[in-house]
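Pasting run.cif here (mmCIF, C-alpha atoms and all ligand atoms):
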```cif
data_my_file
loop_
_atom_site.group_PDB
_atom_site.id
_atom_site.type_symbol
_atom_site.label_atom_id
_atom_site.label_comp_id
_atom_site.auth_asym_id
_atom_site.auth_seq_id
_atom_site.Cartn_x
_atom_site.Cartn_y
_atom_site.Cartn_z
ATOM 1 C CA MET A 1 73.735 19.259 -64.473
ATOM 2 C CA THR A 2 72.480 19.590 -60.928
ATOM 3 C CA GLU A 3 73.900 23.108 -60.925
ATOM 4 C CA ASN A 4 71.135 24.175 -63.304
ATOM 5 C CA ARG A 5 68.474 23.272 -60.730
ATOM 6 C CA ILE A 6 70.108 25.322 -57.943
ATOM 7 C CA THR A 7 71.170 28.340 -59.945
ATOM 8 C CA PRO A 8 68.245 30.733 -60.517
ATOM 9 C CA SER A 9 67.338 31.254 -64.113
ATOM 10 C CA ARG A 10 68.054 34.584 -65.763
ATOM 11 C CA ARG A 11 64.310 35.293 -65.838
ATOM 12 C CA THR A 12 64.001 34.699 -62.058
ATOM 13 C CA VAL A 13 66.796 37.144 -61.298
ATOM 14 C CA LEU A 14 65.404 39.806 -63.632
ATOM 15 C CA THR A 15 61.898 39.623 -62.164
ATOM 16 C CA ALA A 16 63.044 39.406 -58.537
ATOM 17 C CA ALA A 17 65.278 42.480 -58.636
ATOM 18 C CA PRO A 18 62.496 45.055 -59.097
ATOM 19 C CA LEU A 19 60.474 43.368 -56.345
ATOM 20 C CA ALA A 20 63.438 43.660 -54.001
ATOM 21 C CA ALA A 21 63.737 47.335 -54.891
ATOM 22 C CA VAL A 22 60.059 47.897 -54.055
ATOM 23 C CA VAL A 23 60.466 46.145 -50.705
ATOM 24 C CA LEU A 24 63.577 48.149 -49.879
ATOM 25 C CA GLY A 25 61.858 51.350 -50.960
ATOM 26 C CA ALA A 26 58.919 50.642 -48.664
ATOM 27 C CA ALA A 27 61.300 50.014 -45.812
ATOM 28 C CA ALA A 28 63.037 53.303 -46.520
ATOM 29 C CA CYS A 29 59.703 55.117 -46.456
ATOM 30 C CA GLY A 30 58.991 53.563 -43.101
ATOM 31 C CA ASN A 31 62.297 54.918 -41.847
ATOM 32 C CA ASP A 32 61.425 58.360 -43.150
ATOM 33 C CA SER A 33 58.272 58.509 -41.073
ATOM 34 C CA GLY A 34 60.314 57.378 -38.114
ATOM 35 C CA GLY A 35 62.697 60.207 -38.877
ATOM 36 C CA SER A 36 59.944 62.777 -38.727
ATOM 37 C CA ASP A 37 58.875 61.306 -35.410
ATOM 38 C CA ASN A 38 62.409 61.784 -34.211
ATOM 39 C CA ALA A 39 62.349 65.394 -35.388
ATOM 40 C CA SER A 40 59.201 66.113 -33.389
ATOM 41 C CA THR A 41 60.712 64.339 -30.426
ATOM 42 C CA ALA A 42 63.782 66.547 -30.669
ATOM 43 C CA ALA A 43 61.599 69.651 -30.864
ATOM 44 C CA ASP A 44 59.532 68.431 -27.925
ATOM 45 C CA SER A 45 62.636 67.844 -25.857
ATOM 46 C CA SER A 46 64.044 71.341 -26.354
ATOM 47 C CA PRO A 47 62.308 72.906 -23.345
ATOM 48 C CA SER A 48 63.455 70.101 -21.081
ATOM 49 C CA ASP A 49 66.951 70.378 -22.541
ATOM 50 C CA SER A 50 67.132 74.057 -21.720
ATOM 51 C CA ALA A 51 65.854 73.328 -18.224
ATOM 52 C CA ALA A 52 68.548 70.691 -17.833
ATOM 53 C CA ASN A 53 71.159 73.083 -19.206
ATOM 54 C CA SER A 54 70.362 75.708 -16.597
ATOM 55 C CA SER A 55 72.202 73.688 -13.981
ATOM 56 C CA SER A 56 74.987 72.714 -16.381
ATOM 57 C CA ASP A 57 75.515 76.364 -17.376
ATOM 58 C CA VAL A 58 77.023 77.095 -13.986
ATOM 59 C CA LEU A 59 80.607 78.098 -14.719
ATOM 60 C CA THR A 60 81.806 78.557 -11.164
ATOM 61 C CA THR A 61 80.852 80.138 -7.876
ATOM 62 C CA THR A 62 81.453 83.700 -6.778
ATOM 63 C CA SER A 63 83.743 82.582 -3.959
ATOM 64 C CA ALA A 64 85.958 80.661 -6.416
ATOM 65 C CA VAL A 65 86.920 83.839 -8.297
ATOM 66 C CA PRO A 66 89.598 85.844 -6.465
ATOM 67 C CA VAL A 67 89.126 89.611 -6.281
ATOM 68 C CA GLY A 68 91.646 91.254 -8.591
ATOM 69 C CA SER A 69 92.169 88.082 -10.612
ATOM 70 C CA GLY A 70 90.226 85.333 -12.311
ATOM 71 C CA VAL A 71 89.686 81.638 -12.758
ATOM 72 C CA VAL A 72 89.671 79.552 -15.933
ATOM 73 C CA VAL A 73 86.746 77.187 -16.478
ATOM 74 C CA ASP A 74 87.150 75.188 -19.665
ATOM 75 C CA ASP A 75 87.484 77.809 -22.429
ATOM 76 C CA VAL A 76 86.200 80.719 -20.339
ATOM 77 C CA VAL A 77 88.024 82.941 -17.889
ATOM 78 C CA VAL A 78 85.825 84.479 -15.196
ATOM 79 C CA THR A 79 87.273 87.590 -13.611
ATOM 80 C CA GLN A 80 86.475 89.766 -10.600
ATOM 81 C CA ALA A 81 88.236 93.088 -11.108
ATOM 82 C CA SER A 82 86.844 94.446 -7.825
ATOM 83 C CA ALA A 83 84.532 92.923 -5.236
ATOM 84 C CA GLY A 84 81.309 91.850 -6.959
ATOM 85 C CA ASP A 85 82.450 93.030 -10.417
ATOM 86 C CA PHE A 86 82.348 89.756 -12.351
ATOM 87 C CA ALA A 87 83.003 89.360 -16.059
ATOM 88 C CA ALA A 88 83.848 86.484 -18.353
ATOM 89 C CA PHE A 89 85.762 86.109 -21.592
ATOM 90 C CA SER A 90 86.824 83.464 -24.018
ATOM 91 C CA THR A 91 90.311 82.295 -23.120
ATOM 92 C CA LYS A 92 91.150 82.291 -26.832
ATOM 93 C CA CYS A 93 93.735 84.958 -27.487
ATOM 94 C CA PRO A 94 92.701 87.132 -30.464
ATOM 95 C CA HIS A 95 96.281 87.043 -31.755
ATOM 96 C CA GLN A 96 96.715 83.382 -32.681
ATOM 97 C CA GLY A 97 94.341 81.534 -30.385
ATOM 98 C CA CYS A 98 96.444 80.431 -27.425
ATOM 99 C CA ALA A 99 94.678 80.209 -24.073
ATOM 100 C CA VAL A 100 95.081 83.202 -21.803
ATOM 101 C CA ALA A 101 95.250 82.798 -18.032
ATOM 102 C CA PRO A 102 95.196 85.064 -14.984
ATOM 103 C CA LYS A 103 98.625 86.318 -13.992
ATOM 104 C CA GLU A 104 99.491 89.108 -11.574
ATOM 105 C CA GLY A 105 96.173 90.937 -11.870
ATOM 106 C CA LYS A 106 96.034 90.659 -15.659
ATOM 107 C CA LEU A 107 95.169 88.020 -18.235
ATOM 108 C CA ASP A 108 98.330 86.821 -19.876
ATOM 109 C CA CYS A 109 98.878 84.964 -23.114
ATOM 110 C CA PRO A 110 101.851 82.641 -22.734
ATOM 111 C CA CYS A 111 102.500 82.273 -26.461
ATOM 112 C CA HIS A 112 103.634 85.722 -27.545
ATOM 113 C CA GLY A 113 103.097 87.853 -24.473
ATOM 114 C CA SER A 114 99.858 89.685 -25.156
ATOM 115 C CA GLU A 115 98.304 91.017 -21.972
ATOM 116 C CA PHE A 116 94.709 91.912 -21.180
ATOM 117 C CA ASP A 117 93.059 93.731 -18.316
ATOM 118 C CA LEU A 118 90.504 91.910 -16.146
ATOM 119 C CA ASP A 119 87.780 93.666 -18.160
ATOM 120 C CA GLY A 120 89.092 91.943 -21.293
ATOM 121 C CA SER A 121 90.588 95.061 -22.850
ATOM 122 C CA LEU A 122 93.970 94.892 -24.540
ATOM 123 C CA VAL A 123 96.907 96.139 -22.462
ATOM 124 C CA HIS A 124 99.555 95.283 -25.042
ATOM 125 C CA GLY A 125 100.026 93.043 -28.078
ATOM 126 C CA PRO A 126 100.953 91.538 -30.371
ATOM 127 C CA ALA A 127 97.159 91.022 -30.185
ATOM 128 C CA THR A 128 95.359 94.010 -31.673
ATOM 129 C CA LYS A 129 92.045 93.743 -29.819
ATOM 130 C CA GLY A 130 90.603 92.640 -26.513
ATOM 131 C CA LEU A 131 89.183 89.286 -25.477
ATOM 132 C CA THR A 132 85.770 88.124 -26.638
ATOM 133 C CA PRO A 133 83.186 88.615 -23.871
ATOM 134 C CA VAL A 134 81.052 85.732 -22.612
ATOM 135 C CA ASP A 135 77.689 86.768 -21.142
ATOM 136 C CA VAL A 136 77.341 85.627 -17.559
ATOM 137 C CA GLN A 137 75.000 86.340 -14.666
ATOM 138 C CA VAL A 138 75.387 85.944 -10.942
ATOM 139 C CA ARG A 139 72.572 83.778 -9.561
ATOM 140 C CA GLY A 140 72.932 83.489 -5.836
ATOM 141 C CA THR A 141 76.445 82.206 -5.361
ATOM 142 C CA ASP A 142 76.665 80.742 -8.884
ATOM 143 C CA ILE A 143 78.071 82.404 -11.985
ATOM 144 C CA VAL A 144 76.132 81.086 -14.968
ATOM 145 C CA ARG A 145 76.145 81.621 -18.699
ATOM 146 C CA ALA A 146 73.470 84.173 -19.560
HETATM 147 FE FE1 LIG B 201 98.342 85.210 -27.733
HETATM 148 FE FE2 LIG B 201 100.024 85.304 -29.750
HETATM 149 S S1 LIG B 201 98.472 83.872 -29.388
HETATM 150 S S2 LIG B 201 99.919 86.617 -28.059
#
```

Give the structure from the file, written as structure tokens.
Amino acid sequence: MTENRITPSRRTVLTAAPLAAVVLGAAACGNDSGGSDNASTAADSSPSDSAANSSSDVLTTTSAVPVGSGVVVDDVVVTQASAGDFAAFSTKCPHQGCAVAPKEGKLDCPCHGSEFDLDGSLVHGPATKGLTPVDVQVRGTDIVRA
């Protein structure tokens, strides 16, 4: 008998549910406006992001790349075929995606033996094309993504 006093009546539940939905809907609308604020914040931060990225886009330094060879930085291999002739390529072998690495004046794929010149061109397969170029620039002593 005391349970009837504590348990909400069927009418109370039915009238409270739509009110709860309205309150939750209003809260969701408030979040939407916050979302648009976030979008403008993200757009506003783009110039500063690109400014911050300029220092993080440094792949390596010119002195770190041996003449007649290359150096791997993450998923990029930076080469220097002759003094001052820098280039960069994805390390991803176009055959099946293994990572190529400098070896004896070439770029060698350890998986199936494809070989590439320091300019990224295919020397021999099984790959059927050269490495994918990565645009880089020399800025002072830094080599940066272009
Ligand atoms: Fe490079 Fe096969 S993945 S030769």

Name the residues that the PyMOL selection byres (((chain A and resi 105) around 12) and not hetatm) pulls out of this structure, and write them as a PyMOL selection string.
-> chain A and resi 66-71+79-82+101-104+106-108+115-120+123

List every residue of chain A that has an atom at most 6 Å from any atom of ligand LIG 201 (chain B), and for each one report the closest atom pair and its distance in Å to one decimal, counting all atoms listed in the file, with rows sorted by chain and then by increasing residue number, as a Markdown table.
```
| residue | atom | partner | partner_atom | distance |
| --- | --- | --- | --- | --- |
| A:Cys93 | CA | B:LIG201 | FE1 | 4.6 |
| A:His95 | CA | B:LIG201 | S1 | 4.5 |
| A:Gln96 | CA | B:LIG201 | S1 | 3.8 |
| A:Gly97 | CA | B:LIG201 | S1 | 4.9 |
| A:Cys98 | CA | B:LIG201 | S1 | 4.5 |
| A:Cys109 | CA | B:LIG201 | FE1 | 4.7 |
| A:Cys111 | CA | B:LIG201 | FE2 | 5.1 |
| A:His112 | CA | B:LIG201 | S2 | 3.9 |
| A:Gly113 | CA | B:LIG201 | S2 | 4.9 |
| A:Ser114 | CA | B:LIG201 | S2 | 4.2 |
| A:Pro126 | CA | B:LIG201 | S2 | 5.5 |
| A:Ala127 | CA | B:LIG201 | S2 | 5.6 |
```

Using only C-alpha atoms, which of the listed residues (A:Thr132, A:Thr60, A:Gln137, A:Ser90) sits closest to Asp75 (chain A)?
->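 Once distances to Asp75 (chain A) are computed over only C-alpha atoms, the minimum belongs to A:Ser90.
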
Counting only C-alpha atoms, the option among A:Gly84, A:Gly130, A:Pro110, A:Gly125 closest to Thr61 (chain A) = A:Gly84

For CA of Gly140 (chain A) and CA of Ala64 (chain A), determine how far apart the two atoms are, in Å to one decimal place.
->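 Spanning CA of Gly140 (chain A) to CA of Ala64 (chain A) is a straight-line distance of 13.3 Å.
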
Would you compute an axis-aligned box for region 107-118 of chain A, covering every atom listed for it in the file with 3 Å of margin on each side, and report centre and edge lengths in Å to one decimal as AutoDock Vina command-line options?
```
--center_x 97.1 --center_y 88.0 --center_z -21.8 --size_x 19.1 --size_y 17.5 --size_z 17.4
```
